[in-house]
Each structure stands twice: as structure tokens, then as C-alpha cells.
$ cat start_15.txt   # compact mmCIF, C-alpha atoms and all ligand atoms
# COMPACT_ATOMS: atom_id res chain seq x y z
CA MET A 1289 -39.98 12.29 -47.52
CA LYS A 1290 -43.11 11.78 -45.42
CA LYS A 1291 -46.06 14.03 -46.16
CA VAL A 1292 -47.43 16.28 -43.39
CA ARG A 1293 -50.84 14.70 -42.87
CA LYS A 1294 -51.67 15.44 -39.25
CA ALA A 1295 -52.07 18.65 -37.29
CA VAL A 1296 -52.10 19.14 -33.52
CA PHE A 1297 -54.16 21.87 -31.87
CA PRO A 1298 -53.39 22.47 -28.19
CA VAL A 1299 -56.72 23.70 -26.79
CA ALA A 1300 -56.44 22.96 -23.08
CA GLY A 1301 -55.74 26.55 -21.92
CA LEU A 1302 -58.03 28.09 -19.30
CA GLY A 1303 -58.56 31.42 -21.05
CA THR A 1304 -58.33 33.44 -17.84
CA ARG A 1305 -57.89 36.68 -19.81
CA PHE A 1306 -61.47 36.27 -21.03
CA LEU A 1307 -63.25 35.60 -17.76
CA PRO A 1308 -66.16 35.56 -17.16
CA ALA A 1309 -66.82 34.70 -20.86
CA THR A 1310 -64.72 31.55 -20.52
CA LYS A 1311 -66.28 30.19 -17.31
CA ALA A 1312 -68.36 27.69 -19.29
CA VAL A 1313 -67.32 28.34 -22.92
CA PRO A 1314 -63.79 27.44 -24.07
CA LYS A 1315 -61.86 30.47 -25.35
CA GLU A 1316 -61.36 28.61 -28.65
CA MET A 1317 -65.15 28.67 -29.14
CA LEU A 1318 -65.45 32.47 -28.85
CA THR A 1319 -66.77 33.82 -32.12
CA VAL A 1320 -65.00 35.95 -34.70
CA VAL A 1321 -67.87 37.24 -36.87
CA ASP A 1322 -69.69 33.93 -37.36
CA ARG A 1323 -67.17 31.18 -36.74
CA PRO A 1324 -65.46 30.08 -33.55
CA VAL A 1325 -61.75 30.90 -33.39
CA ILE A 1326 -60.79 27.21 -33.59
CA GLN A 1327 -62.66 26.83 -36.88
CA TYR A 1328 -60.36 29.38 -38.59
CA VAL A 1329 -57.29 27.50 -37.40
CA VAL A 1330 -58.63 24.12 -38.54
CA ASP A 1331 -59.55 25.65 -41.90
CA GLU A 1332 -55.99 26.98 -42.27
CA ALA A 1333 -54.67 23.46 -41.65
CA ARG A 1334 -57.11 21.93 -44.13
CA GLU A 1335 -56.07 24.49 -46.77
CA ALA A 1336 -52.48 23.27 -46.23
CA GLY A 1337 -53.49 19.68 -47.06
CA ILE A 1338 -53.88 18.34 -43.50
CA GLU A 1339 -56.08 15.25 -43.32
CA HIS A 1340 -56.25 14.50 -39.61
CA PHE A 1341 -56.99 17.01 -36.86
CA ILE A 1342 -55.76 16.21 -33.33
CA PHE A 1343 -57.08 18.29 -30.45
CA VAL A 1344 -55.33 18.28 -27.09
CA THR A 1345 -58.18 19.37 -24.87
CA GLY A 1346 -58.81 19.67 -21.14
CA ARG A 1347 -61.72 19.74 -18.75
CA ASN A 1348 -64.74 21.83 -19.89
CA LYS A 1349 -63.74 21.60 -23.55
CA ALA A 1350 -66.20 18.94 -24.72
CA VAL A 1351 -68.12 21.46 -26.83
CA ILE A 1352 -65.12 21.64 -29.20
CA GLU A 1353 -65.67 17.97 -29.99
CA ASP A 1354 -69.39 18.64 -30.56
CA HIS A 1355 -68.56 21.51 -32.88
CA PHE A 1356 -66.64 19.23 -35.23
CA ASP A 1357 -69.33 16.54 -35.18
CA ILE A 1358 -72.35 16.33 -37.50
CA GLN A 1359 -75.47 17.90 -35.96
CA PHE A 1360 -78.10 15.73 -37.66
CA GLU A 1361 -81.12 17.56 -36.23
CA LEU A 1362 -79.77 20.91 -37.31
CA ASN A 1363 -78.94 19.66 -40.81
CA HIS A 1364 -82.39 18.13 -41.13
CA THR A 1365 -84.11 21.33 -40.03
CA LEU A 1366 -82.03 23.46 -42.42
CA ALA A 1367 -82.89 21.07 -45.29
CA GLN A 1368 -86.60 21.15 -44.44
CA ARG A 1369 -86.62 24.94 -44.39
CA GLY A 1370 -84.83 25.13 -47.73
CA LYS A 1371 -81.75 26.80 -46.22
CA ASP A 1372 -79.51 25.06 -48.71
CA ASP A 1373 -76.69 27.63 -48.64
CA GLN A 1374 -76.27 27.36 -44.90
CA LEU A 1375 -76.42 23.59 -45.04
CA ALA A 1376 -73.83 23.44 -47.81
CA ARG A 1377 -71.55 25.74 -45.81
CA LEU A 1378 -71.78 23.52 -42.73
CA GLN A 1379 -71.07 20.47 -44.82
CA ARG A 1380 -68.06 22.09 -46.47
CA LEU A 1381 -66.48 22.76 -43.07
CA GLN A 1382 -67.33 19.33 -41.67
CA PRO A 1383 -64.37 16.98 -41.08
CA LEU A 1384 -65.04 13.50 -42.46
CA ALA A 1385 -65.56 10.49 -40.22
CA GLY A 1386 -62.30 9.46 -38.60
CA GLN A 1387 -60.50 12.70 -39.41
CA THR A 1388 -60.53 14.06 -35.85
CA SER A 1389 -58.95 12.79 -32.63
CA PHE A 1390 -59.22 14.16 -29.12
CA THR A 1391 -56.93 13.59 -26.18
CA ARG A 1392 -56.63 15.41 -22.88
CA GLN A 1393 -53.82 17.28 -21.24
CA GLN A 1394 -54.81 16.44 -17.69
CA GLU A 1395 -52.65 19.07 -15.99
CA PRO A 1396 -51.59 22.52 -17.27
CA LEU A 1397 -47.85 21.80 -17.44
CA GLY A 1398 -47.03 23.90 -20.51
CA LEU A 1399 -47.07 23.83 -24.30
CA GLY A 1400 -44.29 21.23 -24.52
CA HIS A 1401 -46.33 18.88 -22.35
CA ALA A 1402 -49.52 19.52 -24.37
CA VAL A 1403 -47.73 18.58 -27.60
CA TRP A 1404 -46.27 15.45 -25.95
CA CYS A 1405 -49.83 14.37 -25.07
CA ALA A 1406 -50.45 13.87 -28.83
CA ARG A 1407 -47.47 11.51 -29.33
CA ASP A 1408 -49.37 8.26 -29.80
CA ILE A 1409 -51.94 9.76 -32.16
CA VAL A 1410 -49.26 11.43 -34.29
CA GLY A 1411 -46.97 8.38 -34.34
CA ASP A 1412 -43.78 8.31 -36.37
CA GLU A 1413 -44.41 11.05 -38.90
CA PRO A 1414 -43.92 14.82 -39.22
CA PHE A 1415 -46.83 16.92 -38.01
CA ALA A 1416 -48.13 20.46 -38.12
CA LEU A 1417 -48.75 22.30 -34.87
CA LEU A 1418 -51.09 25.30 -34.80
CA LEU A 1419 -51.65 27.35 -31.64
CA PRO A 1420 -55.27 28.42 -31.73
CA ASP A 1421 -54.83 31.97 -30.34
CA MET A 1422 -53.38 33.19 -33.60
CA ILE A 1423 -55.66 33.41 -36.64
CA THR A 1424 -54.89 34.57 -40.15
CA LEU A 1425 -57.24 36.05 -42.73
CA PRO A 1426 -58.77 33.38 -44.97
CA ASP A 1427 -56.65 32.77 -48.11
CA GLN A 1428 -53.57 34.11 -46.32
CA GLY A 1429 -52.92 30.95 -44.37
CA CYS A 1430 -49.39 30.57 -43.10
CA MET A 1431 -49.35 26.75 -42.90
CA LYS A 1432 -49.75 26.22 -46.64
CA SER A 1433 -46.49 28.09 -47.36
CA MET A 1434 -44.79 26.25 -44.51
CA VAL A 1435 -45.74 22.89 -46.02
CA GLU A 1436 -44.20 24.08 -49.32
CA LEU A 1437 -40.96 24.94 -47.52
CA TYR A 1438 -41.05 21.58 -45.72
CA GLU A 1439 -41.42 19.80 -49.06
CA ARG A 1440 -38.15 21.44 -50.19
CA THR A 1441 -36.19 20.92 -46.98
CA GLY A 1442 -37.69 17.79 -45.41
CA THR A 1443 -37.10 18.93 -41.86
CA ASN A 1444 -38.47 21.22 -39.12
CA VAL A 1445 -40.09 24.55 -40.03
CA ILE A 1446 -41.18 27.36 -37.71
CA ALA A 1447 -43.08 30.46 -38.79
CA VAL A 1448 -41.97 33.82 -37.46
CA GLU A 1449 -43.07 37.43 -37.68
CA GLU A 1450 -41.46 40.69 -36.65
CA CYS A 1451 -42.35 42.26 -33.32
CA ASP A 1452 -41.49 45.48 -31.56
CA PRO A 1453 -38.18 44.59 -29.81
CA GLU A 1454 -39.79 45.89 -26.57
CA GLU A 1455 -42.30 43.04 -26.82
CA ALA A 1456 -39.79 40.25 -27.52
CA HIS A 1457 -39.89 38.99 -23.90
CA LYS A 1458 -43.48 37.81 -24.45
CA TYR A 1459 -42.59 35.25 -27.13
CA GLY A 1460 -40.25 32.59 -28.37
CA ILE A 1461 -37.57 34.36 -30.47
CA VAL A 1462 -35.31 32.86 -33.14
CA GLY A 1463 -31.89 33.83 -34.50
CA LYS A 1464 -31.73 34.27 -38.28
CA GLY A 1465 -29.07 32.68 -40.50
CA ALA A 1466 -28.68 32.34 -44.27
CA ASN A 1467 -31.69 32.46 -46.58
CA ILE A 1468 -32.69 29.18 -48.19
CA HIS A 1469 -35.57 28.58 -50.61
CA THR A 1470 -38.46 30.64 -49.21
CA GLY A 1471 -37.07 30.53 -45.66
CA PHE A 1472 -33.88 30.88 -43.63
CA GLU A 1473 -31.74 28.79 -41.32
CA ILE A 1474 -32.54 29.17 -37.65
CA THR A 1475 -29.36 29.72 -35.65
CA GLY A 1476 -30.86 29.82 -32.17
CA MET A 1477 -34.10 29.94 -30.19
CA VAL A 1478 -35.03 31.32 -26.82
CA GLU A 1479 -38.34 31.28 -24.98
CA LYS A 1480 -39.37 34.60 -23.44
CA PRO A 1481 -35.88 36.20 -23.42
CA LYS A 1482 -35.08 38.72 -20.69
CA LYS A 1483 -35.38 42.31 -21.93
CA GLY A 1484 -32.48 43.31 -24.16
CA THR A 1485 -31.17 39.76 -24.68
CA ALA A 1486 -33.28 38.59 -27.67
CA PRO A 1487 -31.22 37.41 -30.68
CA SER A 1488 -33.61 39.20 -33.10
CA ASN A 1489 -37.13 40.61 -33.25
CA LEU A 1490 -38.44 37.52 -35.09
CA PHE A 1491 -41.01 35.86 -32.86
CA ILE A 1492 -42.48 32.39 -33.20
CA ASN A 1493 -46.05 33.05 -34.26
CA GLY A 1494 -47.61 29.71 -33.28
CA ARG A 1495 -47.22 27.67 -36.47
CA TYR A 1496 -44.76 24.77 -36.62
CA ILE A 1497 -43.93 21.66 -38.67
CA LEU A 1498 -42.03 19.25 -36.46
CA GLN A 1499 -40.40 15.86 -36.81
CA PRO A 1500 -41.63 13.10 -34.48
CA GLU A 1501 -38.25 12.91 -32.67
CA ILE A 1502 -39.48 15.91 -30.66
CA PHE A 1503 -41.69 13.60 -28.59
CA LYS A 1504 -38.81 11.63 -27.03
CA ILE A 1505 -37.17 14.92 -26.09
CA LEU A 1506 -40.35 16.39 -24.58
CA GLU A 1507 -40.81 13.26 -22.49
CA ASN A 1508 -37.74 14.20 -20.44
CA GLN A 1509 -37.89 17.97 -20.82
CA GLU A 1510 -37.39 19.84 -17.56
CA ARG A 1511 -39.44 22.95 -16.79
CA GLY A 1512 -38.28 26.26 -18.24
CA ALA A 1513 -39.72 29.80 -18.51
CA GLY A 1514 -42.81 30.29 -16.32
CA ASN A 1515 -42.03 26.95 -14.61
CA GLU A 1516 -43.65 25.17 -17.57
CA ILE A 1517 -42.42 22.46 -19.93
CA GLN A 1518 -41.56 24.64 -22.91
CA LEU A 1519 -41.76 23.46 -26.50
CA THR A 1520 -39.03 25.94 -27.47
CA ASP A 1521 -36.56 24.29 -25.05
CA GLY A 1522 -37.37 20.90 -26.59
CA MET A 1523 -36.90 22.27 -30.12
CA LEU A 1524 -33.50 23.67 -29.09
CA LYS A 1525 -32.39 20.18 -28.16
CA LEU A 1526 -33.75 18.72 -31.39
CA ALA A 1527 -31.87 21.45 -33.30
CA ARG A 1528 -28.59 19.82 -32.21
CA LYS A 1529 -29.50 16.84 -34.39
CA GLN A 1530 -31.84 18.18 -37.08
CA LYS A 1531 -32.11 21.38 -39.09
CA PHE A 1532 -34.72 24.03 -38.30
CA TYR A 1533 -35.81 26.53 -40.92
CA GLY A 1534 -37.72 29.72 -40.36
CA PHE A 1535 -40.54 30.92 -42.58
CA HIS A 1536 -41.09 34.68 -42.38
CA TYR A 1537 -44.85 35.03 -42.60
CA ARG A 1538 -45.84 38.38 -44.09
CA GLY A 1539 -49.61 38.12 -43.96
CA ARG A 1540 -51.54 39.53 -41.04
CA THR A 1541 -52.15 37.53 -37.90
CA PHE A 1542 -54.61 38.42 -35.16
CA ASP A 1543 -53.89 37.40 -31.61
CA CYS A 1544 -57.21 36.23 -30.20
CA GLY A 1545 -55.48 35.43 -26.91
CA SER A 1546 -56.12 38.96 -25.61
CA PRO A 1547 -59.45 40.83 -25.50
CA GLU A 1548 -58.08 43.72 -27.60
CA GLY A 1549 -56.67 41.38 -30.26
CA PHE A 1550 -59.95 39.52 -30.29
CA VAL A 1551 -61.95 42.71 -30.90
CA GLU A 1552 -59.46 43.70 -33.62
CA ALA A 1553 -59.94 40.29 -35.27
CA ASN A 1554 -63.70 40.71 -35.27
CA VAL A 1555 -63.51 44.15 -36.88
CA ALA A 1556 -60.88 43.06 -39.43
CA PHE A 1557 -62.67 39.87 -40.43
CA ALA A 1558 -65.96 41.71 -40.82
CA LEU A 1559 -64.27 44.39 -42.95
CA SER A 1560 -62.63 41.68 -45.08
CA ARG A 1561 -66.01 40.17 -45.99
CA PRO A 1562 -67.54 41.67 -49.14
CA ASP A 1563 -71.06 41.01 -47.82
CA MET A 1564 -70.44 43.01 -44.63
CA ARG A 1565 -67.74 45.50 -45.42
CA ALA A 1566 -69.81 48.59 -46.28
CA LYS A 1567 -72.29 48.12 -43.45
CA VAL A 1568 -69.63 47.47 -40.80
CA ALA A 1569 -67.45 50.39 -41.98
CA ASP A 1570 -70.51 52.67 -41.61
CA LEU A 1571 -71.24 51.28 -38.17
CA ILE A 1572 -67.68 51.87 -36.99
CA GLU A 1573 -67.60 55.41 -38.34
CA GLY A 1574 -70.92 56.10 -36.68
CA LEU A 1575 -69.79 54.71 -33.34
CA VAL A 1576 -66.54 56.67 -33.36
CA ALA A 1577 -68.57 59.83 -34.03
CA ASP A 1578 -71.07 58.95 -31.26
CA PHE A 1579 -68.45 58.33 -28.62
CA GLY A 1580 -66.48 61.46 -29.51
CA PRO A 1581 -62.80 61.88 -30.36
CA VAL A 1582 -60.53 59.17 -28.99
CA ARG A 1583 -57.98 60.51 -26.54
CA ARG A 1584 -54.86 58.44 -27.09
CA ARG A 1585 -52.30 57.88 -24.40
CA SER A 1586 -49.15 59.89 -25.17
CA ALA A 1587 -46.06 57.91 -26.18
CA SER A 1588 -43.95 59.24 -23.28
C1 LIG A 1601 -46.25 30.21 -27.04
C2 LIG A 1601 -44.84 29.76 -27.41
C3 LIG A 1601 -44.03 30.95 -27.91
C4 LIG A 1601 -44.73 31.64 -29.05
C5 LIG A 1601 -46.17 32.03 -28.62
C6 LIG A 1601 -46.96 32.56 -29.82
O1 LIG A 1601 -46.16 31.05 -25.92
O2 LIG A 1601 -44.23 29.15 -26.28
O3 LIG A 1601 -42.75 30.52 -28.32
O4 LIG A 1601 -44.03 32.79 -29.45
O5 LIG A 1601 -46.88 30.89 -28.11
O6 LIG A 1601 -48.23 32.98 -29.41
P1 LIG A 1601 -47.48 31.42 -25.00
O7 LIG A 1601 -48.28 32.38 -25.80
O8 LIG A 1601 -48.17 30.12 -24.77
O9 LIG A 1601 -46.92 32.02 -23.77

$ encode --input "start_15.txt" --output "C-alpha cells" --more "lines below"
Ligand code: G1P
Amino acid sequence: MKKVRKAVFPVAGLGTRFLPATKAVPKEMLTVVDRPVIQYVVDEAREAGIEHFIFVTGRNKAVIEDHFDIQFELNHTLAQRGKDDQLARLQRLQPLAGQTSFTRQQEPLGLGHAVWCARDIVGDEPFALLLPDMITLPDQGCMKSMVELYERTGTNVIAVEECDPEEAHKYGIVGKGANIHTGFEITGMVEKPKKGTAPSNLFINGRYILQPEIFKILENQERGAGNEIQLTDGMLKLARKQKFYGFHYRGRTFDCGSPEGFVEANVAFALSRPDMRAKVADLIEGLVADFGPVRRRSAS
């Protein structure tokens, strides 16, 4: 069985939900506490044993490449000023030479197309795919457990979480079959099902391990939901020939693709840090008191 060595990060999206913040700054570079969103996702992949990080970028995303490069001047200045902790931290997060690749999705044709753009860099081996909107708390990475399930099954693995059935139309949804090892057999998949037609409330949370045969399928994949080339439609075709297993992730994910989710991530990540927790909890309590009681919208 081939090891999962490479991970693909589709980072070409425009980030329109964050305008004007994303006019000049890619949404993946927005900061959760003190790291850009993309850094958390790369760290999750590294924790899972990934050795090569492939970014499918687009126009105005060059700063992502800079972020994963060595900043010699900065390192030199930190060393001169005796800021050894900060320097060590930067070095710990630094990919080694040759561990990153960048390619461009020239047109926004959908997730399936973005993944296909990485075909030559991935080559003929299984790969991890991590959508950068979703981040998980450090040490609760989803990909590490997925790699363990892959090592037992040797095939395709998709992570899912439960959603409110009312929200199922926003996601890719899978059908659940028999349990196996730490996962279950996937019996069906549908991208953005019409209300009331979803096979379950298990949504694809943006973490995948896929076999390279997906690329040939994506090459000829016609447009689906939202008039885009959908990865889920390609996976459905691959599922006729290869097994797909689901991994039910039970840690917490934060959807940094929406402003509210992004604020939630910032608060949660700050509260999860021992060096900030007490101070931030005080600040939040103080702010809630200052702004007065929160009037919630009624459920009806
Ligand atoms: C994509 C996938 C979808 C998945 C979602 C998770 O959709 O196509 O299957 O559930 O990511 O965030 P998008 O968010 O790009 O519409």
C-alpha cells in the first residue's frame, strides 16, 4: 500500500464573503489569533505525516507562497534581538526546501477542477485533500485519524460530521453503511441535495484521502451543482470502481469561510490557549456586560 505523502490545498477562492478584507489579502491569510488560517490546515496535514504540500492558488495569492518561504531578514533580526523563542517557533513551522509546490487554477470552475489542477504534482499516488475554510483545534486534527483508517483499508476516505438536517443543502452529504474499523462504508454521495432529499445528516467536512484515479475522472467531469465541476460528482463515479469509507470526526471544526465562523474560531482558539485563556475570558465577559444583554432572535 502506498503511503499518503502529499496533500493538496485548494486556495484559489475569491473570498467574497470577506470583502473588503479580501480585496488584497487572500482569505486563507486572515488571522486566527496569531496564525493565518492556512497555517492551521498545513499544520494538521504535517501532524498526519504529510511531507509535501501542494497549493492550488489563483491570482492575488502570491503572499501564501511568501508565507511558507524563509524570511531571512526577519530571522536575522529576531536572532540579533535575542528573540529565540519566536525564531524557534517560526523555524518549527517552516516547510523544508522542496516540500512545497504551487500551481494555479486559472479559472474558477469549481472544486473538482481545482483538484484536477494538481494532477501532475501528485502523480500516481494517494493524496490528502484539505479545504482551507475548515480548521480544527490543534491536537484534534482530523487528517491523522483518516490516515490511520486509510492504512487499514487502503482506499478512499472522506471525513464527515453531523449537521442540522435543515442545513444539509449547503454541503456534500454521504449515505452511511456498515461500520468498519474506525469508519463506515459510504453507500452514496450527493452534492448540495435539494431540501428534504439528503440521504443522512452526515456532511463532508472538507478532509479527504483520495486515490489518483480521481484525476482521469475529473478531466472529463461535466458541471454539476452551482454550474461548477464538483469533486463529489467525480467521487461518485470513482465509487463505482473503488471503495469509499467515511470517518466520523468528533472533534470541533470551525468554518472560517463565513465571518461569524471566523469570529467564533478566533474566540475559541484564544480560549484554548493557556497563555491567553484567563485574559480573553475576562475581556469577553466585560464586553458582553458593556454592550448589554443580547437579544436573541426567537426560534419561530
Ligand atoms: C465543498 C464541497 C462539499 C463540502 C464542503 C465543506 O463545498 O463541495 O461537498 O461539504 O466543501 O465545506 P463548498 O463549501 O465549496 O461549496

$ atom_distance --input "start_15.txt" --atom1 "CA of Ala1527 (chain A)" --atom2 "CA of Thr1345 (chain A)"
27.7 Å

$ axis_aligned_box --input "start_15.txt" --around "region 1367-1370 of chain A" --padding-each-side "3 Å" --output "lines of an AutoDock Vina configuration file"
center_x = -84.8
center_y = 23.1
center_z = -46.1
size_x = 9.7
size_y = 10.1
size_z = 9.3

$ residues_around --input "start_15.txt" --residues "Val1320 (chain A)" --least-positions-apart "4" --cutoff "10 Å" --atoms "all atoms listed in the file" --output "short mmCIF file (atom, residue, chain, number, x, y, z; two decimals) with C-alpha atoms, keeping the file's coordinate frame"
data_model
loop_
_atom_site.label_atom_id
_atom_site.label_comp_id
_atom_site.auth_asym_id
_atom_site.auth_seq_id
_atom_site.Cartn_x
_atom_site.Cartn_y
_atom_site.Cartn_z
CA PRO A 1324 -65.46 30.08 -33.55
CA VAL A 1325 -61.75 30.90 -33.39
CA ILE A 1326 -60.79 27.21 -33.59
CA GLN A 1327 -62.66 26.83 -36.88
CA TYR A 1328 -60.36 29.38 -38.59
CA ILE A 1423 -55.66 33.41 -36.64
CA CYS A 1544 -57.21 36.23 -30.20
CA PHE A 1550 -59.95 39.52 -30.29
CA VAL A 1551 -61.95 42.71 -30.90
CA GLU A 1552 -59.46 43.70 -33.62
CA ALA A 1553 -59.94 40.29 -35.27
CA ASN A 1554 -63.70 40.71 -35.27
CA VAL A 1555 -63.51 44.15 -36.88
CA ALA A 1556 -60.88 43.06 -39.43
CA PHE A 1557 -62.67 39.87 -40.43
CA ALA A 1558 -65.96 41.71 -40.82
#

$ residues_around --input "start_15.txt" --residues "Arg1334 (chain A)" --least-positions-apart "5" --cutoff "10 Å" --atoms "all atoms listed in the file" --output "list in words"
Arg1293, Lys1294, Ala1295, Tyr1328, Val1329, Glu1339, His1340, Phe1341, Leu1381, Pro1383, Gly1429, Met1431 and Lys1432 of chain A

$ closest_atom_pairs --input "start_15.txt" --of "chain A" --to "ligand LIG 1601 (chain A)" --cutoff "8 Å" --atoms "all atoms listed in the file" --output "Markdown table"
| residue | atom | partner | partner_atom | distance |
| --- | --- | --- | --- | --- |
| A:Gly1398 | CA | A:LIG1601 | O8 | 7.6 |
| A:Leu1399 | CA | A:LIG1601 | O2 | 6.3 |
| A:Leu1419 | CA | A:LIG1601 | O5 | 6.9 |
| A:Asp1421 | CA | A:LIG1601 | O6 | 6.7 |
| A:Met1422 | CA | A:LIG1601 | O6 | 6.6 |
| A:Lys1458 | CA | A:LIG1601 | O9 | 6.8 |
| A:Tyr1459 | CA | A:LIG1601 | O4 | 3.7 |
| A:Gly1460 | CA | A:LIG1601 | O3 | 3.2 |
| A:Ile1461 | CA | A:LIG1601 | O4 | 6.7 |
| A:Val1478 | CA | A:LIG1601 | O3 | 7.9 |
| A:Glu1479 | CA | A:LIG1601 | O3 | 5.6 |
| A:Lys1480 | CA | A:LIG1601 | O3 | 7.2 |
| A:Phe1491 | CA | A:LIG1601 | O4 | 5.5 |
| A:Ile1492 | CA | A:LIG1601 | O4 | 4.1 |
| A:Asn1493 | CA | A:LIG1601 | C6 | 4.6 |
| A:Gly1494 | CA | A:LIG1601 | C6 | 4.5 |
| A:Gln1518 | CA | A:LIG1601 | O2 | 6.2 |
| A:Leu1519 | CA | A:LIG1601 | O2 | 6.2 |
| A:Thr1520 | CA | A:LIG1601 | O3 | 6.0 |
| A:Asp1543 | CA | A:LIG1601 | O6 | 7.5 |
| A:Gly1545 | CA | A:LIG1601 | O7 | 7.9 |

$ closest_residue --input "start_15.txt" --among "A:Lys1483, A:Lys1349, A:Lys1315, A:Arg1495" --to "Gly1534 (chain A)" --atoms "only C-alpha atoms"
A:Arg1495

$ atom_distance --input "start_15.txt" --atom1 "CA of Thr1391 (chain A)" --atom2 "CA of Pro1314 (chain A)"
15.6 Å

$ closest_residue --input "start_15.txt" --among "A:Glu1501, A:Glu1316, A:Glu1332, A:Glu1573" --to "Gln1428 (chain A)" --atoms "only C-alpha atoms"
A:Glu1332

$ closest_residue --input "start_15.txt" --among "A:Met1434, A:Gln1374, A:Phe1503, A:Gly1337" --to "Ile1409 (chain A)" --atoms "only C-alpha atoms"
A:Phe1503
